[in-house]
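Participant: run.cif is reproduced below (mmCIF, C-alpha atoms).
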data_protein
loop_
_atom_site.label_atom_id
_atom_site.label_comp_id
_atom_site.auth_asym_id
_atom_site.auth_seq_id
_atom_site.Cartn_x
_atom_site.Cartn_y
_atom_site.Cartn_z
CA MET A 8 -78.53 69.40 38.75
CA THR A 9 -79.88 66.00 37.77
CA GLY A 10 -82.18 63.41 39.31
CA SER A 11 -85.70 63.96 40.59
CA VAL A 12 -87.61 63.22 43.74
CA TRP A 13 -91.42 63.16 43.61
CA ASP A 14 -93.87 63.28 46.48
CA GLN A 15 -97.67 63.62 46.50
CA HIS A 16 -100.00 64.23 49.44
CA THR A 17 -103.70 64.83 49.87
CA VAL A 18 -104.42 67.41 52.56
CA THR A 19 -107.90 68.23 53.87
CA LEU A 20 -108.14 71.77 55.19
CA PRO A 21 -110.27 72.91 58.14
CA ALA A 22 -113.77 74.16 57.21
CA TYR A 23 -113.30 77.82 56.30
CA ARG A 24 -115.98 80.47 55.82
CA ARG A 25 -116.15 82.71 52.74
CA GLY A 26 -112.98 84.71 52.21
CA LEU A 27 -109.22 84.28 51.91
CA HIS A 28 -107.43 81.96 54.34
CA ASP A 29 -103.65 81.81 54.61
CA ILE A 30 -102.38 78.28 53.94
CA THR A 31 -98.71 79.19 53.38
CA THR A 32 -97.49 77.48 56.55
CA ALA A 33 -99.48 74.31 55.87
CA VAL A 34 -98.14 73.98 52.33
CA ASP A 35 -94.59 74.94 53.29
CA GLY A 36 -94.75 72.21 55.94
CA VAL A 37 -95.36 69.65 53.19
CA VAL A 38 -92.45 71.11 51.19
CA SER A 39 -89.99 71.06 54.07
CA GLY A 40 -91.14 67.52 54.94
CA SER A 41 -90.19 66.36 51.43
CA GLU A 42 -86.61 65.76 50.31
CA VAL A 43 -86.80 68.42 47.58
CA THR A 44 -84.37 71.30 48.01
CA THR A 45 -84.64 72.90 44.53
CA GLY A 46 -87.76 72.37 42.45
CA LEU A 47 -91.47 73.04 42.33
CA CYS A 48 -94.54 72.61 44.50
CA HIS A 49 -97.89 72.14 42.78
CA VAL A 50 -101.06 72.77 44.76
CA PHE A 51 -104.42 71.71 43.34
CA VAL A 52 -107.86 72.25 44.91
CA GLN A 53 -110.30 69.47 43.96
CA HIS A 54 -113.37 71.74 43.97
CA THR A 55 -115.06 74.29 41.71
CA SER A 56 -116.40 76.70 44.36
CA ALA A 57 -113.11 77.41 46.14
CA SER A 58 -109.84 78.47 44.56
CA LEU A 59 -106.20 79.41 45.21
CA LEU A 60 -104.50 82.79 45.14
CA ILE A 61 -101.19 84.45 45.89
CA GLN A 62 -101.84 87.77 47.63
CA GLU A 63 -100.35 90.42 49.86
CA ASN A 64 -99.90 89.06 53.38
CA ALA A 65 -99.26 92.29 55.29
CA ASP A 66 -102.51 94.29 55.46
CA PRO A 67 -105.76 92.34 56.05
CA ASP A 68 -107.63 95.23 54.34
CA VAL A 69 -106.25 93.95 51.01
CA LEU A 70 -108.12 90.67 51.51
CA ARG A 71 -111.33 92.50 52.46
CA ASP A 72 -111.13 94.87 49.49
CA LEU A 73 -110.53 91.91 47.21
CA GLY A 74 -113.61 90.14 48.58
CA ASP A 75 -115.66 93.33 48.11
CA TRP A 76 -114.57 93.68 44.49
CA PHE A 77 -115.71 90.14 43.72
CA ALA A 78 -119.01 90.82 45.52
CA ARG A 79 -119.61 93.83 43.25
CA VAL A 80 -118.51 92.35 39.92
CA VAL A 81 -119.63 88.74 40.48
CA PRO A 82 -122.70 89.26 42.70
CA ASP A 83 -124.53 86.55 44.63
CA GLY A 84 -128.12 85.83 43.63
CA ASP A 85 -128.05 87.56 40.24
CA PRO A 86 -131.54 86.82 38.83
CA ARG A 87 -129.93 86.07 35.47
CA TYR A 88 -128.18 82.96 36.85
CA ARG A 89 -129.90 79.72 35.81
CA HIS A 90 -127.87 77.59 38.21
CA SER A 91 -128.90 78.25 41.81
CA ALA A 92 -129.50 74.72 43.13
CA GLU A 93 -127.36 75.30 46.22
CA GLY A 94 -128.39 78.89 46.92
CA PRO A 95 -127.54 82.46 45.87
CA ASP A 96 -123.79 81.89 46.41
CA ASP A 97 -123.65 78.81 44.15
CA MET A 98 -123.13 80.30 40.67
CA SER A 99 -121.14 83.29 41.93
CA ALA A 100 -118.76 80.77 43.54
CA HIS A 101 -118.16 79.04 40.20
CA ILE A 102 -117.48 82.33 38.39
CA ARG A 103 -115.13 83.58 41.11
CA SER A 104 -113.25 80.26 40.88
CA ALA A 105 -112.97 80.65 37.10
CA LEU A 106 -111.41 84.11 37.55
CA THR A 107 -108.79 82.92 40.06
CA GLN A 108 -106.80 79.64 40.21
CA THR A 109 -107.65 75.98 40.68
CA SER A 110 -103.96 75.11 40.64
CA LEU A 111 -100.81 77.00 41.56
CA THR A 112 -97.20 76.04 40.96
CA LEU A 113 -94.60 77.61 43.25
CA PRO A 114 -90.79 77.48 43.19
CA ILE A 115 -88.91 75.60 45.91
CA ALA A 116 -85.45 76.88 46.88
CA ARG A 117 -83.34 75.69 49.82
CA GLY A 118 -86.13 73.30 50.84
CA HIS A 119 -88.85 75.94 51.19
CA LEU A 120 -91.39 77.83 49.08
CA ALA A 121 -89.52 80.70 47.39
CA LEU A 122 -92.22 83.35 47.86
CA GLY A 123 -91.56 87.07 47.82
CA THR A 124 -91.50 88.92 51.14
CA TRP A 125 -95.11 90.10 50.89
CA GLN A 126 -96.62 87.03 49.26
CA GLY A 127 -98.94 84.60 51.01
CA LEU A 128 -100.69 81.55 49.60
CA TYR A 129 -104.44 81.63 50.19
CA LEU A 130 -107.42 79.33 49.89
CA PHE A 131 -110.24 81.50 48.56
CA GLU A 132 -113.50 80.00 49.86
CA HIS A 133 -116.43 81.24 47.77
CA ARG A 134 -119.34 79.56 49.57
CA THR A 135 -120.90 81.40 52.52
CA SER A 136 -121.24 78.27 54.67
CA PRO A 137 -117.94 76.65 55.71
CA HIS A 138 -116.72 73.72 53.61
CA ARG A 139 -113.78 71.36 54.09
CA ARG A 140 -111.59 71.49 50.96
CA ARG A 141 -109.19 68.85 49.68
CA LEU A 142 -105.80 69.78 48.20
CA VAL A 143 -103.47 67.53 46.22
CA ILE A 144 -99.91 68.76 46.83
CA THR A 145 -97.16 67.44 44.56
CA THR A 146 -93.50 68.30 45.16
CA MET A 147 -90.79 67.51 42.67
CA GLY A 148 -87.17 68.45 42.20
CA VAL A 149 -83.65 67.78 43.24
CA ALA A 150 -82.90 66.36 46.69
CA GLN A 151 -80.02 67.56 48.82
CA SER A 152 -78.25 64.22 48.43
CA SER A 153 -78.47 64.39 44.60
CA THR A 154 -77.08 67.92 44.66
CA ALA A 155 -74.23 66.81 46.85
CA GLY A 156 -73.60 63.85 44.54
CA ALA A 157 -73.45 66.15 41.55
CA THR A 158 -70.80 68.41 43.02
CA MET B 5 -87.73 59.74 27.75
CA THR B 6 -86.24 59.36 31.21
CA GLY B 7 -83.92 61.40 33.43
CA SER B 8 -84.36 65.00 34.49
CA VAL B 9 -82.30 68.12 34.52
CA TRP B 10 -83.27 70.99 36.84
CA ASP B 11 -82.11 74.58 36.75
CA GLN B 12 -83.26 77.62 38.72
CA HIS B 13 -82.40 81.28 38.23
CA THR B 14 -83.46 84.54 39.78
CA VAL B 15 -83.77 87.32 37.20
CA THR B 16 -84.38 90.97 38.03
CA LEU B 17 -86.15 92.82 35.23
CA PRO B 18 -85.60 96.47 34.28
CA ALA B 19 -87.96 98.97 35.97
CA TYR B 20 -91.08 98.98 33.80
CA ARG B 21 -93.95 101.46 33.88
CA ARG B 22 -97.61 100.40 34.07
CA GLY B 23 -98.62 98.10 31.22
CA LEU B 24 -97.58 94.92 29.45
CA HIS B 25 -93.89 94.35 28.69
CA ASP B 26 -92.68 91.53 26.46
CA ILE B 27 -90.24 89.27 28.33
CA THR B 28 -90.36 86.33 25.88
CA THR B 29 -86.78 86.79 24.70
CA ALA B 30 -85.41 87.14 28.23
CA VAL B 31 -87.14 83.97 29.44
CA ASP B 32 -86.33 82.01 26.28
CA GLY B 33 -82.69 82.98 26.79
CA VAL B 34 -82.75 81.21 30.17
CA VAL B 35 -84.40 78.17 28.54
CA SER B 36 -81.88 77.92 25.71
CA GLY B 37 -79.04 78.42 28.22
CA SER B 38 -80.23 75.37 30.17
CA GLU B 39 -79.63 71.79 29.02
CA VAL B 40 -83.36 71.03 28.79
CA THR B 41 -84.58 70.12 25.30
CA THR B 42 -88.05 68.72 26.17
CA GLY B 43 -89.76 69.81 29.35
CA LEU B 44 -91.27 72.78 31.15
CA CYS B 45 -90.29 76.31 32.12
CA HIS B 46 -91.90 77.78 35.23
CA VAL B 47 -91.86 81.55 35.69
CA PHE B 48 -92.85 83.07 39.03
CA VAL B 49 -93.07 86.77 39.90
CA GLN B 50 -92.27 87.42 43.57
CA HIS B 51 -94.64 90.38 43.89
CA THR B 52 -98.36 91.04 44.36
CA SER B 53 -98.74 94.20 42.26
CA ALA B 54 -97.29 92.86 39.00
CA SER B 55 -98.28 89.68 37.21
CA LEU B 56 -97.64 87.47 34.17
CA LEU B 57 -99.72 86.96 31.04
CA ILE B 58 -99.60 85.24 27.68
CA GLN B 59 -101.03 87.60 25.05
CA GLU B 60 -101.14 88.40 21.38
CA ASN B 61 -97.78 89.75 20.22
CA ALA B 62 -98.72 91.19 16.82
CA ASP B 63 -100.87 94.29 17.34
CA PRO B 64 -99.88 96.66 20.17
CA ASP B 65 -103.52 97.85 20.27
CA VAL B 66 -104.41 94.54 21.95
CA LEU B 67 -102.18 95.46 24.90
CA ARG B 68 -103.67 98.95 25.11
CA ASP B 69 -107.26 97.67 24.94
CA LEU B 70 -106.44 95.14 27.65
CA GLY B 71 -105.04 97.88 29.88
CA ASP B 72 -108.14 100.00 29.26
CA TRP B 73 -110.47 97.14 30.19
CA PHE B 74 -108.69 96.70 33.52
CA ALA B 75 -108.82 100.47 34.09
CA ARG B 76 -112.62 100.38 33.66
CA VAL B 77 -113.42 97.22 35.62
CA VAL B 78 -110.73 97.51 38.32
CA PRO B 79 -110.42 101.30 38.67
CA ASP B 80 -107.68 103.15 40.50
CA GLY B 81 -108.69 105.15 43.55
CA ASP B 82 -112.12 103.59 44.10
CA PRO B 83 -113.34 105.31 47.30
CA ARG B 84 -114.58 101.92 48.53
CA TYR B 85 -111.02 100.58 48.83
CA ARG B 86 -109.78 100.50 52.43
CA HIS B 87 -106.18 99.77 51.43
CA SER B 88 -104.57 102.82 49.81
CA ALA B 89 -101.31 103.15 51.75
CA GLU B 90 -99.21 103.44 48.60
CA GLY B 91 -101.61 105.55 46.56
CA PRO B 92 -104.66 105.20 44.26
CA ASP B 93 -102.98 102.44 42.19
CA ASP B 94 -102.18 100.26 45.22
CA MET B 95 -105.37 98.22 45.69
CA SER B 96 -106.23 98.15 41.98
CA ALA B 97 -102.78 96.61 41.40
CA HIS B 98 -103.54 93.77 43.84
CA ILE B 99 -106.93 93.02 42.24
CA ARG B 100 -105.48 93.09 38.70
CA SER B 101 -102.78 90.67 39.87
CA ALA B 102 -105.43 88.35 41.34
CA LEU B 103 -107.25 88.27 37.99
CA THR B 104 -104.13 87.40 36.00
CA GLN B 105 -101.18 85.10 36.87
CA THR B 106 -98.44 85.10 39.49
CA SER B 107 -96.92 82.00 37.92
CA LEU B 108 -96.93 80.57 34.41
CA THR B 109 -95.73 77.18 33.22
CA LEU B 110 -94.74 76.88 29.57
CA PRO B 111 -93.74 73.87 27.47
CA ILE B 112 -90.16 73.51 26.23
CA ALA B 113 -89.60 71.71 22.92
CA ARG B 114 -86.31 71.49 20.98
CA GLY B 115 -84.63 73.62 23.63
CA HIS B 116 -86.98 76.61 23.34
CA LEU B 117 -90.34 77.83 24.65
CA ALA B 118 -93.04 76.13 22.56
CA LEU B 119 -95.32 79.15 22.20
CA GLY B 120 -97.88 79.56 19.44
CA THR B 121 -97.05 81.89 16.54
CA TRP B 122 -98.97 84.85 18.01
CA GLN B 123 -98.16 84.31 21.68
CA GLY B 124 -95.86 86.50 23.71
CA LEU B 125 -95.00 86.28 27.41
CA TYR B 126 -95.59 89.55 29.25
CA LEU B 127 -94.86 91.10 32.59
CA PHE B 128 -97.97 93.06 33.50
CA GLU B 129 -96.86 95.97 35.71
CA HIS B 130 -99.82 97.35 37.66
CA ARG B 131 -98.16 100.22 39.53
CA THR B 132 -97.96 103.61 37.80
CA SER B 133 -94.41 104.32 38.92
CA PRO B 134 -91.74 101.96 37.53
CA HIS B 135 -90.69 99.05 39.76
CA ARG B 136 -87.96 96.45 39.33
CA ARG B 137 -89.54 92.98 39.54
CA ARG B 138 -87.87 89.71 40.48
CA LEU B 139 -88.65 86.46 38.66
CA VAL B 140 -87.73 82.93 39.73
CA ILE B 141 -87.34 80.85 36.57
CA THR B 142 -87.17 77.07 36.95
CA THR B 143 -86.50 74.80 33.97
CA MET B 144 -86.86 71.05 34.14
CA GLY B 145 -86.97 68.20 31.66
CA VAL B 146 -84.93 65.91 29.52
CA ALA B 147 -81.48 66.99 28.28
CA GLN B 148 -80.28 66.30 24.78
CA SER B 149 -77.71 63.80 26.06
CA SER B 150 -80.42 61.81 27.92
CA THR B 151 -82.59 61.78 24.82
CA ALA B 152 -79.68 60.59 22.74
CA GLY B 153 -78.93 57.91 25.32
CA ALA B 154 -82.52 56.68 25.16
CA THR B 155 -82.52 56.23 21.39
CA MET C 1 -90.09 58.09 44.80
CA THR C 2 -87.24 58.85 42.44
CA GLY C 3 -86.71 58.84 38.68
CA SER C 4 -88.72 60.71 36.10
CA VAL C 5 -90.47 59.91 32.87
CA TRP C 6 -91.28 62.72 30.43
CA ASP C 7 -93.64 62.69 27.51
CA GLN C 8 -94.85 65.50 25.23
CA HIS C 9 -97.61 65.45 22.62
CA THR C 10 -99.24 68.00 20.37
CA VAL C 11 -102.99 67.44 20.04
CA THR C 12 -105.24 69.32 17.63
CA LEU C 13 -108.82 69.52 18.86
CA PRO C 14 -111.94 69.46 16.67
CA ALA C 15 -113.24 72.90 15.60
CA TYR C 16 -115.42 74.07 18.49
CA ARG C 17 -117.87 76.96 18.51
CA ARG C 18 -117.86 79.65 21.23
CA GLY C 19 -118.31 78.21 24.70
CA LEU C 20 -116.88 75.58 27.02
CA HIS C 21 -116.06 72.13 25.64
CA ASP C 22 -115.17 69.19 27.87
CA ILE C 23 -111.72 67.83 26.97
CA THR C 24 -111.20 65.76 30.14
CA THR C 25 -111.41 62.40 28.36
CA ALA C 26 -109.05 63.48 25.58
CA VAL C 27 -106.41 64.71 28.02
CA ASP C 28 -106.82 61.77 30.39
CA GLY C 29 -106.28 59.49 27.39
CA VAL C 30 -102.86 61.05 26.88
CA VAL C 31 -102.11 60.61 30.60
CA SER C 32 -103.14 56.96 30.72
CA GLY C 33 -101.17 56.34 27.51
CA SER C 34 -98.01 57.62 29.18
CA GLU C 35 -96.02 55.59 31.71
CA VAL C 36 -96.52 58.16 34.49
CA THR C 37 -98.42 56.85 37.51
CA THR C 38 -97.71 59.68 39.98
CA GLY C 39 -96.87 63.13 38.71
CA LEU C 40 -98.23 66.09 36.77
CA CYS C 41 -99.91 66.78 33.46
CA HIS C 42 -99.37 70.20 31.89
CA VAL C 43 -101.79 71.39 29.21
CA PHE C 44 -100.97 74.46 27.14
CA VAL C 45 -103.14 76.07 24.45
CA GLN C 46 -101.04 77.75 21.73
CA HIS C 47 -103.57 80.52 21.05
CA THR C 48 -104.66 83.84 22.56
CA SER C 49 -108.38 83.71 21.78
CA ALA C 50 -109.16 80.36 23.42
CA SER C 51 -108.26 79.28 26.95
CA LEU C 52 -108.47 76.49 29.52
CA LEU C 53 -110.63 76.16 32.60
CA ILE C 54 -111.53 73.69 35.33
CA GLN C 55 -115.28 73.88 35.94
CA GLU C 56 -118.27 72.03 37.32
CA ASN C 57 -119.15 69.08 35.09
CA ALA C 58 -122.62 68.22 36.40
CA ASP C 59 -125.06 70.96 35.39
CA PRO C 60 -124.69 72.44 31.88
CA ASP C 61 -126.39 75.61 33.18
CA VAL C 62 -123.14 76.44 34.99
CA LEU C 63 -121.36 76.64 31.65
CA ARG C 64 -124.09 78.81 30.14
CA ASP C 65 -124.17 81.16 33.14
CA LEU C 66 -120.39 81.45 32.94
CA GLY C 67 -120.59 82.36 29.25
CA ASP C 68 -123.28 84.95 30.00
CA TRP C 69 -121.18 86.56 32.72
CA PHE C 70 -118.27 87.00 30.32
CA ALA C 71 -120.67 88.39 27.68
CA ARG C 72 -121.82 91.06 30.17
CA VAL C 73 -118.46 92.02 31.69
CA VAL C 74 -116.27 91.56 28.59
CA PRO C 75 -118.72 92.48 25.81
CA ASP C 76 -118.19 91.88 22.11
CA GLY C 77 -117.94 94.93 19.89
CA ASP C 78 -117.30 97.51 22.61
CA PRO C 79 -116.77 100.75 20.62
CA ARG C 80 -113.84 101.57 22.90
CA TYR C 81 -111.78 98.64 21.56
CA ARG C 82 -109.10 99.75 19.09
CA HIS C 83 -108.33 96.19 17.97
CA SER C 84 -111.18 94.76 15.88
CA ALA C 85 -109.38 93.46 12.79
CA GLU C 86 -111.08 90.07 12.97
CA GLY C 87 -114.54 91.27 14.04
CA PRO C 88 -116.50 92.23 17.16
CA ASP C 89 -115.44 89.02 18.99
CA ASP C 90 -111.70 89.61 18.43
CA MET C 91 -110.70 91.84 21.35
CA SER C 92 -113.26 90.35 23.74
CA ALA C 93 -111.67 86.96 23.01
CA HIS C 94 -108.23 88.25 24.06
CA ILE C 95 -109.56 89.75 27.30
CA ARG C 96 -111.53 86.60 28.18
CA SER C 97 -108.35 84.57 27.60
CA ALA C 98 -106.39 86.89 29.89
CA LEU C 99 -108.95 86.35 32.67
CA THR C 100 -108.83 82.56 32.42
CA GLN C 101 -105.88 80.20 31.76
CA THR C 102 -103.52 79.57 28.85
CA SER C 103 -101.92 76.70 30.75
CA LEU C 104 -103.15 74.33 33.42
CA THR C 105 -101.17 71.87 35.50
CA LEU C 106 -103.07 68.90 36.94
CA PRO C 107 -102.01 66.16 39.34
CA ILE C 108 -101.66 62.57 38.11
CA ALA C 109 -102.36 59.76 40.59
CA ARG C 110 -102.63 56.03 39.80
CA GLY C 111 -102.04 56.81 36.12
CA HIS C 112 -104.98 59.22 35.71
CA LEU C 113 -105.83 62.89 36.22
CA ALA C 114 -106.62 63.35 39.92
CA LEU C 115 -109.61 65.66 39.50
CA GLY C 116 -112.32 66.15 42.10
CA THR C 117 -115.67 64.43 41.55
CA TRP C 118 -117.33 67.50 40.03
CA GLN C 119 -114.37 68.86 38.09
CA GLY C 120 -114.08 68.80 34.32
CA LEU C 121 -111.32 70.22 32.11
CA TYR C 122 -112.64 72.56 29.44
CA LEU C 123 -111.42 74.32 26.35
CA PHE C 124 -113.02 77.77 26.44
CA GLU C 125 -113.43 78.89 22.83
CA HIS C 126 -113.89 82.67 22.68
CA ARG C 127 -114.36 83.19 18.93
CA THR C 128 -117.89 82.88 17.50
CA SER C 129 -116.79 80.96 14.40
CA PRO C 130 -115.32 77.49 15.09
CA HIS C 131 -111.52 77.22 15.25
CA ARG C 132 -109.23 74.21 15.53
CA ARG C 133 -106.98 74.68 18.57
CA ARG C 134 -103.60 73.10 19.25
CA LEU C 135 -102.63 71.83 22.71
CA VAL C 136 -99.16 70.87 23.90
CA ILE C 137 -99.59 68.21 26.60
CA THR C 138 -96.57 67.35 28.75
CA THR C 139 -96.69 64.54 31.30
CA MET C 140 -93.95 63.97 33.84
CA GLY C 141 -93.53 61.89 36.96
CA VAL C 142 -92.75 58.49 38.32
CA ALA C 143 -93.48 55.38 36.26
CA GLN C 144 -94.95 52.24 37.75
CA SER C 145 -91.71 50.36 37.25
CA SER C 146 -89.69 53.00 39.16
CA THR C 147 -92.22 52.89 42.00
CA ALA C 148 -92.00 49.12 42.10
CA GLY C 149 -88.21 49.36 42.11
CA ALA C 150 -88.31 51.78 45.03
CA THR C 151 -90.41 49.51 47.25
#
Transcribe the structure of this file into structure tokens.
Facilitator:
Amino acid sequence: MTGSVWDQHTVTLPAYRRGLHDITTAVDGVVSGSEVTTGLCHVFVQHTSASLLIQENADPDVLRDLGDWFARVVPDGDPRYRHSAEGPDDMSAHIRSALTQTSLTLPIARGHLALGTWQGLYLFEHRTSPHRRRLVITTMGVAQSSTAGAT
Amino acid sequence: MTGSVWDQHTVTLPAYRRGLHDITTAVDGVVSGSEVTTGLCHVFVQHTSASLLIQENADPDVLRDLGDWFARVVPDGDPRYRHSAEGPDDMSAHIRSALTQTSLTLPIARGHLALGTWQGLYLFEHRTSPHRRRLVITTMGVAQSSTAGAT
Amino acid sequence: MTGSVWDQHTVTLPAYRRGLHDITTAVDGVVSGSEVTTGLCHVFVQHTSASLLIQENADPDVLRDLGDWFARVVPDGDPRYRHSAEGPDDMSAHIRSALTQTSLTLPIARGHLALGTWQGLYLFEHRTSPHRRRLVITTMGVAQSSTAGAT
């Protein structure tokens, strides 16, 4: 398949509290609104105290256990942190971001995100007070018309 | 260089047991089978209890030490896990996936993966019993003919 | 927007000591030197004991706290490591790489990296003695001329 269609959008999410928030539908809406039928979707969060993650979308206990693990291994308010300008959750937020993803690239097939059955796309908010986060979503790939033309 | 060629394949891997399994040759086979000579290869695992990793391919002790580190820091059967429907390795598998990669993008040069000398591409199976995992591999870039045309 | 321009460069960085080193300007120079105005920039480090990270670029304490966290959770010279051929920082370097990124994909908008205000792109050197690291930087997207043509 040849030819490429590119699209780029900035999306500002609602203010979410600490934890994992499912943004699969929001991102898939951008994908299905683009002309791309086979290609890739790149999602980038323009912040260093929130990140992106693919996780299990069936049992909400998975998301809680994941949050608990980070709370144990990357604790808030560790007295050894030098950087605490914005509170006890400031430095822990940066470390948790470093351990997860600032950008994710996902396959597009038949005009939609080609996730597995149990996969959801999550914004992982690391600050305790809600923040509005900005995503840059870039879609690229082959458009239906190009595919048809190539047949 | 202008023009783009896109290709997308779904590949089901053999059932691997817990640990790191070298899939460099399998993925490079898809790359060399595509027309792309300069571009990118995107590999996506459609599961949340297996992940992808670039690691040292020379000394198998590196892979064992890496597995041991995860066993210590993200233990199986932690009594604090709420989610244990599929056994003691269920929740640890999700956390280990979150700390590594669900998708990897790799450069293609001269029709092959442009990895460093000591880099291998691994499927990191986190479940103790073997599972068959599905990858979506997308290649994109410039084809030899386009490059030739641009000269 | 249709049409695609591809560009790929290998860049060898100066020899950096252990820690995070800001490479935003170097990578953005490659982006602005390419014709791409809207698209993606892929950065790949061809090594398994150095990695890539997006982090806060304002307070250098963030980078020191991040280094300290890795020193505590992924210690050098752990007697349980089997792999120590190149010294006490050998295996810890591989684990730290596994927990961060070997490749990063970043959005390009208006001919530059579209990072958030407080985001910097860092090479994370994990070895104590300085090493020269090789990056493969691939830019792809729509060129100004194509955009103009599409209007």
Participant: Decode the PyMOL selection byres ((chain C) within 9 of (chain B)) for the given file into explicit residues and return them as a PDB file with C-alpha atoms, keeping the file's coordinate frame.
Facilitator:
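As written to disk, result.pdb reads:
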ATOM      1  CA  GLY C   3     -86.710  58.840  38.680  1.00  0.00           C
ATOM      2  CA  SER C   4     -88.720  60.710  36.100  1.00  0.00           C
ATOM      3  CA  VAL C   5     -90.470  59.910  32.870  1.00  0.00           C
ATOM      4  CA  TRP C   6     -91.280  62.720  30.430  1.00  0.00           C
ATOM      5  CA  ASP C   7     -93.640  62.690  27.510  1.00  0.00           C
ATOM      6  CA  GLN C   8     -94.850  65.500  25.230  1.00  0.00           C
ATOM      7  CA  HIS C  42     -99.370  70.200  31.890  1.00  0.00           C
ATOM      8  CA  VAL C  43    -101.790  71.390  29.210  1.00  0.00           C
ATOM      9  CA  PHE C  44    -100.970  74.460  27.140  1.00  0.00           C
ATOM     10  CA  VAL C  45    -103.140  76.070  24.450  1.00  0.00           C
ATOM     11  CA  GLN C  46    -101.040  77.750  21.730  1.00  0.00           C
ATOM     12  CA  HIS C  47    -103.570  80.520  21.050  1.00  0.00           C
ATOM     13  CA  THR C  48    -104.660  83.840  22.560  1.00  0.00           C
ATOM     14  CA  SER C  49    -108.380  83.710  21.780  1.00  0.00           C
ATOM     15  CA  VAL C  73    -118.460  92.020  31.690  1.00  0.00           C
ATOM     16  CA  VAL C  74    -116.270  91.560  28.590  1.00  0.00           C
ATOM     17  CA  ARG C  80    -113.840 101.570  22.900  1.00  0.00           C
ATOM     18  CA  TYR C  81    -111.780  98.640  21.560  1.00  0.00           C
ATOM     19  CA  ARG C  82    -109.100  99.750  19.090  1.00  0.00           C
ATOM     20  CA  HIS C  83    -108.330  96.190  17.970  1.00  0.00           C
ATOM     21  CA  MET C  91    -110.700  91.840  21.350  1.00  0.00           C
ATOM     22  CA  HIS C  94    -108.230  88.250  24.060  1.00  0.00           C
ATOM     23  CA  ILE C  95    -109.560  89.750  27.300  1.00  0.00           C
ATOM     24  CA  SER C  97    -108.350  84.570  27.600  1.00  0.00           C
ATOM     25  CA  ALA C  98    -106.390  86.890  29.890  1.00  0.00           C
ATOM     26  CA  LEU C  99    -108.950  86.350  32.670  1.00  0.00           C
ATOM     27  CA  THR C 100    -108.830  82.560  32.420  1.00  0.00           C
ATOM     28  CA  GLN C 101    -105.880  80.200  31.760  1.00  0.00           C
ATOM     29  CA  THR C 102    -103.520  79.570  28.850  1.00  0.00           C
ATOM     30  CA  SER C 103    -101.920  76.700  30.750  1.00  0.00           C
ATOM     31  CA  LEU C 104    -103.150  74.330  33.420  1.00  0.00           C
ATOM     32  CA  THR C 105    -101.170  71.870  35.500  1.00  0.00           C
ATOM     33  CA  ARG C 134    -103.600  73.100  19.250  1.00  0.00           C
ATOM     34  CA  VAL C 136     -99.160  70.870  23.900  1.00  0.00           C
ATOM     35  CA  ILE C 137     -99.590  68.210  26.600  1.00  0.00           C
ATOM     36  CA  THR C 138     -96.570  67.350  28.750  1.00  0.00           C
ATOM     37  CA  THR C 139     -96.690  64.540  31.300  1.00  0.00           C
ATOM     38  CA  MET C 140     -93.950  63.970  33.840  1.00  0.00           C
TER      39      MET C 140
END
Participant: I'd like the interatomic distance between atom CA of C:Leu135 and atom CA of C:Ile23, to a tenth of an Å.
Facilitator: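 We find that atom CA of C:Leu135 and atom CA of C:Ile23 lie 10.8 Å from each other.
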Participant: Taking the file as I've supplied it (selection: the PyMOL selection byres ((chain B and resi 21) around 7)), which residues are included? Please answer as a CSV table (one decimal) with C-alpha atoms, in the coordinates of the input.
Facilitator:
chain,number,residue,atom,x,y,z
B,19,ALA,CA,-88.0,99.0,36.0
B,20,TYR,CA,-91.1,99.0,33.8
B,22,ARG,CA,-97.6,100.4,34.1
B,23,GLY,CA,-98.6,98.1,31.2
B,129,GLU,CA,-96.9,96.0,35.7
B,132,THR,CA,-98.0,103.6,37.8
B,133,SER,CA,-94.4,104.3,38.9
B,134,PRO,CA,-91.7,102.0,37.5
Participant: Selection in question (the file shown): the PyMOL selection byres ((chain A and resi 29) around 8). Which residues does it include, as a VMD selection string?
Facilitator: chain A and resid 27 to 28 30 to 32 127 to 130
Participant: Go through A:Glu93, A:Ala57, A:Val18, A:Glu42 and flag the residue nearest A:His138, using all atoms listed in the file for the distances.
Facilitator: A:Ala57
Participant: Could you work out how far atom CA of C:Ala58 lies from atom CA of C:His126, giving the answer in Å with one decimal?
Facilitator: 21.8 Å
Participant: Which of these, B:Pro18, B:Gly115, B:Pro79, B:Gly33, has the shortest distance to B:Pro92 once you count all atoms listed in the file?
Facilitator: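 Selected residue with least distance to B:Pro92: B:Pro79.
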